[in-house]
Structures are given as structure tokens and as C-alpha cells.
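Below: protein06.cif (mmCIF, C-alpha atoms and all ligand atoms)
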data_data
#
loop_
_atom_site.group_PDB
_atom_site.id
_atom_site.type_symbol
_atom_site.label_atom_id
_atom_site.label_comp_id
_atom_site.auth_asym_id
_atom_site.auth_seq_id
_atom_site.Cartn_x
_atom_site.Cartn_y
_atom_site.Cartn_z
ATOM 1 C CA MET A 272 143.335 236.356 124.172
ATOM 2 C CA LYS A 273 146.756 237.498 125.255
ATOM 3 C CA LYS A 274 149.097 239.613 123.146
ATOM 4 C CA LYS A 275 151.532 236.738 122.644
ATOM 5 C CA LYS A 276 148.853 234.469 121.192
ATOM 6 C CA ALA A 277 147.449 237.261 118.996
ATOM 7 C CA ASN A 278 150.914 237.937 117.655
ATOM 8 C CA LYS A 279 151.452 234.244 116.951
ATOM 9 C CA ILE A 280 148.210 233.580 115.062
ATOM 10 C CA VAL A 281 148.630 236.711 112.962
ATOM 11 C CA GLU A 282 152.268 235.953 112.158
ATOM 12 C CA GLU A 283 151.313 232.430 111.092
ATOM 13 C CA LYS A 284 148.324 233.499 109.019
ATOM 14 C CA LEU A 285 149.405 236.659 107.190
ATOM 15 C CA PRO A 286 152.173 237.407 104.671
ATOM 16 C CA LYS A 287 155.208 239.005 106.337
ATOM 17 C CA LYS A 288 154.433 242.542 105.096
ATOM 18 C CA ARG A 289 150.867 242.423 106.355
ATOM 19 C CA TYR A 290 151.998 240.952 109.676
ATOM 20 C CA GLU A 291 154.473 243.816 110.076
ATOM 21 C CA HIS A 292 151.727 246.308 109.200
ATOM 22 C CA SER A 293 149.557 244.751 111.931
ATOM 23 C CA VAL A 294 152.346 245.128 114.499
ATOM 24 C CA ARG A 295 152.806 248.777 113.511
ATOM 25 C CA VAL A 296 149.049 249.420 113.742
ATOM 26 C CA ALA A 297 149.116 247.943 117.262
ATOM 27 C CA GLU A 298 152.103 250.126 118.228
ATOM 28 C CA THR A 299 150.517 253.267 116.772
ATOM 29 C CA ALA A 300 147.245 252.440 118.521
ATOM 30 C CA VAL A 301 149.012 252.128 121.906
ATOM 31 C CA LYS A 302 150.669 255.487 121.338
ATOM 32 C CA MET A 303 147.276 257.012 120.521
ATOM 33 C CA ALA A 304 145.613 255.357 123.526
ATOM 34 C CA LYS A 305 148.083 257.175 125.782
ATOM 35 C CA ILE A 306 147.150 260.525 124.226
ATOM 36 C CA TYR A 307 143.380 260.035 124.062
ATOM 37 C CA GLY A 308 142.838 258.036 127.247
ATOM 38 C CA GLY A 309 142.102 254.718 125.535
ATOM 39 C CA ASP A 310 142.652 251.196 126.813
ATOM 40 C CA ALA A 311 146.171 250.331 125.653
ATOM 41 C CA GLU A 312 145.704 246.587 126.069
ATOM 42 C CA LYS A 313 142.493 246.502 124.028
ATOM 43 C CA VAL A 314 143.767 248.644 121.178
ATOM 44 C CA GLU A 315 146.966 246.624 121.026
ATOM 45 C CA LEU A 316 145.019 243.382 120.599
ATOM 46 C CA ALA A 317 142.590 244.924 118.104
ATOM 47 C CA GLY A 318 145.519 246.351 116.136
ATOM 48 C CA LEU A 319 147.273 243.000 115.935
ATOM 49 C CA LEU A 320 144.102 241.180 114.904
ATOM 50 C CA HIS A 321 142.356 243.697 112.631
ATOM 51 C CA ASP A 322 143.547 242.292 109.276
ATOM 52 C CA TYR A 323 143.349 238.607 110.202
ATOM 53 C CA ALA A 324 140.834 237.810 107.414
ATOM 54 C CA LYS A 325 142.425 240.113 104.827
ATOM 55 C CA TYR A 326 143.763 237.357 102.592
ATOM 56 C CA ASP A 327 140.967 234.844 102.959
ATOM 57 C CA GLU A 328 139.514 233.689 99.635
ATOM 58 C CA LEU A 329 136.502 235.649 98.476
ATOM 59 C CA SER A 330 134.418 232.479 98.500
ATOM 60 C CA LYS A 331 135.285 231.961 102.174
ATOM 61 C CA LEU A 332 134.503 235.580 103.021
ATOM 62 C CA TYR A 333 131.120 235.239 101.281
ATOM 63 C CA GLN A 334 130.354 232.033 103.176
ATOM 64 C CA MET A 335 131.237 233.729 106.451
ATOM 65 C CA VAL A 336 128.829 236.593 105.753
ATOM 66 C CA THR A 337 126.035 234.027 105.599
ATOM 67 C CA LYS A 338 127.332 231.874 108.449
ATOM 68 C CA TYR A 339 127.613 234.777 110.873
ATOM 69 C CA GLU A 340 124.449 236.493 109.589
ATOM 70 C CA LEU A 341 126.316 239.651 108.659
ATOM 71 C CA ASP A 342 124.687 242.375 106.544
ATOM 72 C CA ASN A 343 124.069 240.785 103.136
ATOM 73 C CA ALA A 344 124.391 244.210 101.553
ATOM 74 C CA LEU A 345 128.140 243.942 102.241
ATOM 75 C CA LEU A 346 128.338 241.646 99.228
ATOM 76 C CA ALA A 347 127.202 244.378 96.852
ATOM 77 C CA TYR A 348 130.182 246.644 97.571
ATOM 78 C CA ASN A 349 133.951 246.646 97.168
ATOM 79 C CA SER A 350 135.070 243.248 98.496
ATOM 80 C CA GLU A 351 137.927 244.985 100.370
ATOM 81 C CA ILE A 352 135.467 245.868 103.129
ATOM 82 C CA LEU A 353 134.577 242.241 103.949
ATOM 83 C CA HIS A 354 137.653 241.322 105.977
ATOM 84 C CA GLY A 355 136.627 243.701 108.772
ATOM 85 C CA PRO A 356 133.237 242.203 109.662
ATOM 86 C CA VAL A 357 134.368 238.649 108.886
ATOM 87 C CA GLY A 358 137.621 238.991 110.860
ATOM 88 C CA ALA A 359 135.684 240.293 113.856
ATOM 89 C CA CYS A 360 133.374 237.265 113.770
ATOM 90 C CA ILE A 361 136.284 234.832 113.407
ATOM 91 C CA MET A 362 137.883 236.360 116.514
ATOM 92 C CA LYS A 363 134.639 236.276 118.483
ATOM 93 C CA TYR A 364 133.254 232.888 117.492
ATOM 94 C CA GLU A 365 136.364 230.873 116.616
ATOM 95 C CA PHE A 366 138.946 232.313 119.004
ATOM 96 C CA GLY A 367 136.638 233.369 121.850
ATOM 97 C CA VAL A 368 137.657 237.040 121.868
ATOM 98 C CA GLU A 369 134.620 238.252 123.767
ATOM 99 C CA ASP A 370 135.437 241.923 124.200
ATOM 100 C CA GLU A 371 132.791 244.019 122.406
ATOM 101 C CA GLU A 372 135.067 246.986 121.765
ATOM 102 C CA ILE A 373 137.695 244.804 120.112
ATOM 103 C CA PHE A 374 134.931 243.173 118.058
ATOM 104 C CA LEU A 375 133.635 246.559 116.893
ATOM 105 C CA ALA A 376 137.115 247.907 116.168
ATOM 106 C CA ILE A 377 137.964 244.976 113.889
ATOM 107 C CA HIS A 378 134.470 244.958 112.396
ATOM 108 C CA ASN A 379 134.357 248.613 111.436
ATOM 109 C CA HIS A 380 137.956 249.333 110.491
ATOM 110 C CA THR A 381 137.142 248.881 106.787
ATOM 111 C CA THR A 382 134.085 251.144 106.705
ATOM 112 C CA GLY A 383 133.898 253.362 109.769
ATOM 113 C CA ARG A 384 130.466 254.183 111.160
ATOM 114 C CA GLU A 385 128.668 256.851 113.189
ATOM 115 C CA HIS A 386 129.247 256.971 116.964
ATOM 116 C CA MET A 387 132.441 254.920 117.036
ATOM 117 C CA THR A 388 133.837 253.953 120.424
ATOM 118 C CA LEU A 389 137.299 255.264 121.317
ATOM 119 C CA THR A 390 138.843 251.865 120.577
ATOM 120 C CA GLU A 391 137.203 251.819 117.133
ATOM 121 C CA LYS A 392 138.365 255.327 116.376
ATOM 122 C CA ILE A 393 141.934 254.530 117.366
ATOM 123 C CA ILE A 394 142.139 251.437 115.156
ATOM 124 C CA PHE A 395 140.427 253.188 112.249
ATOM 125 C CA VAL A 396 143.039 255.958 112.359
ATOM 126 C CA ALA A 397 146.093 253.874 113.335
ATOM 127 C CA ASP A 398 145.471 251.657 110.309
ATOM 128 C CA TYR A 399 145.729 254.722 108.097
ATOM 129 C CA ILE A 400 148.730 256.472 109.702
ATOM 130 C CA GLU A 401 151.041 253.694 110.959
ATOM 131 C CA PRO A 402 154.646 254.600 110.038
ATOM 132 C CA GLY A 403 154.756 252.269 107.033
ATOM 133 C CA ARG A 404 151.944 254.153 105.272
ATOM 134 C CA GLN A 405 153.087 256.580 102.603
ATOM 135 C CA GLN A 406 149.885 257.724 100.888
ATOM 136 C CA PRO A 407 149.883 261.396 99.814
ATOM 137 C CA GLY A 408 148.899 263.729 102.635
ATOM 138 C CA VAL A 409 149.211 261.121 105.389
ATOM 139 C CA ASP A 410 151.457 263.502 107.351
ATOM 140 C CA ASP A 411 148.531 265.943 107.643
ATOM 141 C CA ILE A 412 146.563 263.233 109.455
ATOM 142 C CA ARG A 413 149.562 262.358 111.683
ATOM 143 C CA LYS A 414 149.788 266.024 112.622
ATOM 144 C CA MET A 415 146.061 266.129 113.485
ATOM 145 C CA ILE A 416 146.508 263.109 115.733
ATOM 146 C CA PHE A 417 149.821 263.772 117.483
ATOM 147 C CA GLU A 418 150.052 267.586 117.472
ATOM 148 C CA GLU A 419 146.578 269.111 117.132
ATOM 149 C CA LYS A 420 144.972 266.192 119.016
ATOM 150 C CA LYS A 421 141.881 266.269 116.797
ATOM 151 C CA LEU A 422 140.753 262.673 116.599
ATOM 152 C CA ASP A 423 137.300 263.286 115.093
ATOM 153 C CA LYS A 424 138.711 265.647 112.496
ATOM 154 C CA ALA A 425 141.193 262.951 111.463
ATOM 155 C CA ILE A 426 138.350 260.451 111.104
ATOM 156 C CA TYR A 427 136.464 262.886 108.905
ATOM 157 C CA GLU A 428 139.544 263.472 106.733
ATOM 158 C CA ILE A 429 140.243 259.752 106.344
ATOM 159 C CA SER A 430 136.590 259.058 105.461
ATOM 160 C CA LYS A 431 136.614 261.897 102.967
ATOM 161 C CA ARG A 432 139.738 260.610 101.260
ATOM 162 C CA THR A 433 138.355 257.089 101.153
ATOM 163 C CA VAL A 434 135.075 258.250 99.631
ATOM 164 C CA LEU A 435 136.862 260.436 97.057
ATOM 165 C CA TYR A 436 139.109 257.504 96.142
ATOM 166 C CA LEU A 437 136.100 255.220 95.698
ATOM 167 C CA ILE A 438 134.262 257.786 93.584
ATOM 168 C CA GLU A 439 137.332 258.154 91.350
ATOM 169 C CA LYS A 440 137.292 254.390 90.842
ATOM 170 C CA ASP A 441 133.534 254.420 90.105
ATOM 171 C CA SER A 442 133.062 252.077 93.090
ATOM 172 C CA ALA A 443 129.791 251.931 94.989
ATOM 173 C CA ILE A 444 130.162 253.207 98.548
ATOM 174 C CA TYR A 445 128.870 251.186 101.484
ATOM 175 C CA PRO A 446 126.262 253.289 103.344
ATOM 176 C CA LYS A 447 128.075 253.070 106.712
ATOM 177 C CA THR A 448 131.049 254.832 105.137
ATOM 178 C CA ILE A 449 128.823 257.703 104.024
ATOM 179 C CA ASP A 450 127.206 257.793 107.475
ATOM 180 C CA CYS A 451 130.680 257.992 109.015
ATOM 181 C CA LEU A 452 131.643 260.843 106.689
ATOM 182 C CA ASN A 453 128.520 262.853 107.506
ATOM 183 C CA TYR A 454 128.614 262.163 111.224
ATOM 184 C CA TYR A 455 132.260 263.176 111.698
ATOM 185 C CA ASN A 456 131.804 266.158 109.405
ATOM 186 C CA LEU A 457 129.479 267.503 112.091
ATOM 187 C CA GLU A 458 131.627 266.303 115.033
ATOM 188 C CA LYS A 459 134.998 267.596 113.819
HETATM 189 FE FE FE A 501 142.094 245.997 106.903
HETATM 190 FE FE FE A 502 145.178 247.218 108.120
#
Please, can you express the file's structure as C-alpha cells?
Amino acid sequence: MKKKKANKIVEEKLPKKRYEHSVRVAETAVKMAKIYGGDAEKVELAGLLHDYAKYDELSKLYQMVTKYELDNALLAYNSEILHGPVGACIMKYEFGVEDEEIFLAIHNHTTGREHMTLTEKIIFVADYIEPGRQQPGVDDIRKMIFEEKKLDKAIYEISKRTVLYLIEKDSAIYPKTIDCLNYYNLEK
């Protein structure tokens, strides 16, 4: 898929604010690719497409988990994580986006995992730090990325904040998120 098509399907599918977020994630990802030696074209596409399934009905997301034989355990956790794996499958099987790194980047942007590829790492972080994000302490992560150039440390920090947030809400935490936290704690 070309950038123009990706932009079009996302603009048509998502509410304006989420579309604009997707464009900013793509732009941030390209900026990061230049610093970390990533593939600018791939991260741009993954950034545009990453939230494609974000506003799909829960019933549709559940159906897709079965249809695409995704991990059934996904259903036992915060439903916010579903749009990553489902969106990746929609891109692969319905739009013919064959690239494995783009698939993984969309798939894992909601949970993280151990041993992420560079494209996955960039999307995982760009989603958190794009200029429209204003969560407390986000500037610390921007500094890690653009000044200290510590990508794995930023992934650890983002995972940590996500896990702390989920614990505060008494939410169950998907095991891949914990694996990501532990793995990048050692890598950072
Ligand atoms: Fe997302
Ligand atoms: Fe996002």
C-alpha cells in the first residue's frame, strides 16, 4: 500500500482527531527513523495505519479475534488492546499489506512485547510522544528519544507507566506487556 492510499482509508474511517493523531504518529515515526536508522517508508505507513481498528465495535473486534485465530486470551484483558492485533490482521488480510514489520508494529503497539523490531519500537514510542500528546512526564520520554537517544530506555519507561496506570485502575495486565516491561528493564 502506498502512503496516499493509507492516508485516504484512515481519513475516511477514523474521527478527525484520531486521523490527525495518526498523521502525527507517522510524522514522529519518520523523524525517529532518521535518528535510529529505521525504514522511513515502513514506519510512515505503520504510523498512519496503526489505529485503523480503534473505533470498531467490540462485537466486531471479538469476531475478528476468532476469525484471524488471534490469542483468545486477549479477550480477558482491557479491550483497548484489541485494536492492535485486529488492525494488523485487517491490513494484512483485507488490504494486502504484506510487510511483516508493518504487521508487527500495528499488532504490538497496544501491548509491546520482548524483542521488538526497530519498526515496532518506533511506532510504540511515536504513538506515546507525538506532539499532540500531553500526558504528565511525556517530555521526559521526548528527551530520551531526541536528545539522549535511548530508545530502549524510553520503551521501558512507557511500559512502566502503562503498567502503573493499569494497576491503579485495578485492570488485569496482558502478559506480553509485563514481558515487555521486564525485557526492556534489562535492555535499557
Ligand atoms: Fe492504538
Ligand atoms: Fe495511536
Around ligand FE 501 (chain A), out to 10 Å and counting all atoms listed in the file, which residues are there? I want them as a list in words. Arg289, His292, Ser293, Gly318, Leu320, His321, Asp322, Tyr323, Ala324, Lys325, Tyr326, Glu351, Ile352, Leu353, His354, Gly355, Gly358, Ile377, His378, Asn379, His380, Thr381, Thr382, Ile394, Phe395, Asp398 and Tyr399 of chain A
Atomic separation - atom CA of A:Ile361 relative to atom CA of A:Ala443, Å: 26.0 Å
Tell me, counting only C-alpha atoms, for each residue of stretch 343-454 of chain A within 12 Å of stretch 300-304 of chain A, which pair of atoms is nearest and how far apart they are in Å to one decimal, in rows ordered by chain and increasing number, as a tab-separated table.
residue	atom	partner	partner_atom	distance
A:Ala376	CA	A:Ala300	CA	11.3
A:Leu389	CA	A:Ala304	CA	8.6
A:Thr390	CA	A:Ala304	CA	8.2
A:Glu391	CA	A:Ala300	CA	10.2
A:Lys392	CA	A:Ala300	CA	9.6
A:Ile393	CA	A:Ala300	CA	5.8
A:Ile394	CA	A:Ala300	CA	6.2
A:Phe395	CA	A:Ala300	CA	9.3
A:Val396	CA	A:Ala300	CA	8.2
A:Ala397	CA	A:Ala300	CA	5.5
A:Asp398	CA	A:Ala300	CA	8.4
A:Tyr399	CA	A:Ala300	CA	10.8
A:Ile400	CA	A:Ala300	CA	9.8
A:Glu401	CA	A:Ala300	CA	8.6
A:Pro402	CA	A:Ala300	CA	11.5
A:Arg413	CA	A:Met303	CA	10.6
A:Met415	CA	A:Met303	CA	11.6
A:Ile416	CA	A:Met303	CA	7.8
A:Phe417	CA	A:Met303	CA	7.8
A:Glu418	CA	A:Met303	CA	11.3
A:Lys420	CA	A:Met303	CA	9.6
A:Lys421	CA	A:Met303	CA	11.3
A:Leu422	CA	A:Met303	CA	9.5
Return as a ChimeraX atom specification the set of residues that the PyMOL selection byres (((chain A and resi 423-439) around 6) and not hetatm) yields on the displayed structure. /A:412,421-422,440-442,452,455-456,459
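Reported to one decimal place, the separation of atom CA of A:Glu385 from atom CA of A:Cys451 is 4.8 Å.
Interatomic distance, atom CA of A:Ala297 against atom CA of A:Ala311: 9.2 Å.
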Need to verify the contact set: A:Asn278, 10 Å, all atoms listed in the file, exclusion of same-chain residues closer than 2 positions in sequence. Can you return it as a ChimeraX atom specification? /A:273-276,280-283,290,293-294,316,319-320
So which one's closest to A:Glu328, A:Lys279, A:Leu457, A:Ser350, A:Glu372? Using all atoms listed in the file, please. A:Ser350
Once you count all atoms listed in the file, which residues end up no further than 7 Å from (131.1, 249.0, 102.8) in the file's frame, shown as a list in words? Leu345, Tyr348, Asn349, Ile352, Thr382, Ile444, Tyr445, Pro446, Lys447 and Thr448 of chain A
Close residues, A:Tyr339 itself excluded, 12 Å, only C-alpha atoms, min 4 positions apart in chain, as a list of chain:residue names: A:Lys331, A:Leu332, A:Tyr333, A:Gln334, A:Met335, A:Asn343, A:Pro356, A:Val357, A:Gly358, A:Ala359, A:Cys360, A:Ile361, A:Met362, A:Lys363, A:Tyr364, A:Glu365
Restricting it to C-alpha atoms, dump the selection as a compact mmCIF listing (two decimals), in the frame of the given file.
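In the end it all went to result18.txt:
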# COMPACT_ATOMS: atom_id res chain seq x y z
CA LYS A 331 135.28 231.96 102.17
CA LEU A 332 134.50 235.58 103.02
CA TYR A 333 131.12 235.24 101.28
CA GLN A 334 130.35 232.03 103.18
CA MET A 335 131.24 233.73 106.45
CA ASN A 343 124.07 240.78 103.14
CA PRO A 356 133.24 242.20 109.66
CA VAL A 357 134.37 238.65 108.89
CA GLY A 358 137.62 238.99 110.86
CA ALA A 359 135.68 240.29 113.86
CA CYS A 360 133.37 237.26 113.77
CA ILE A 361 136.28 234.83 113.41
CA MET A 362 137.88 236.36 116.51
CA LYS A 363 134.64 236.28 118.48
CA TYR A 364 133.25 232.89 117.49
CA GLU A 365 136.36 230.87 116.62
Among listed residues A:Lys338, A:Gly367, A:Ala277, A:Gly403, nearest ligand FE 502 (chain A) (using only C-alpha atoms and all ligand atoms): A:Gly403
Using all atoms listed in the file, which residue out of A:Val409, A:Val296, A:Val314, A:Leu285 lies closest to ligand FE 502 (chain A)? A:Val296
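The smallest atom-to-atom distance between ligand FE 502 (chain A) and any of A:Asp327, A:Glu371, A:Asp450, A:Glu291, using all atoms listed in the file, is found for A:Glu291.
Counting all atoms listed in the file and comparing A:Ala317, A:Val368, A:Leu341, A:Val336, the residue that lies closest to ligand FE 502 (chain A) is A:Ala317.
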Quick one: axis-aligned box around all listed atoms of stretch 349-361 of chain A, 6 Å on every side, centre and edge lengths in Å to one decimal, written as JSON.
{"center_x": 135.6, "center_y": 240.7, "center_z": 105.5, "size_x": 16.7, "size_y": 23.8, "size_z": 28.7}
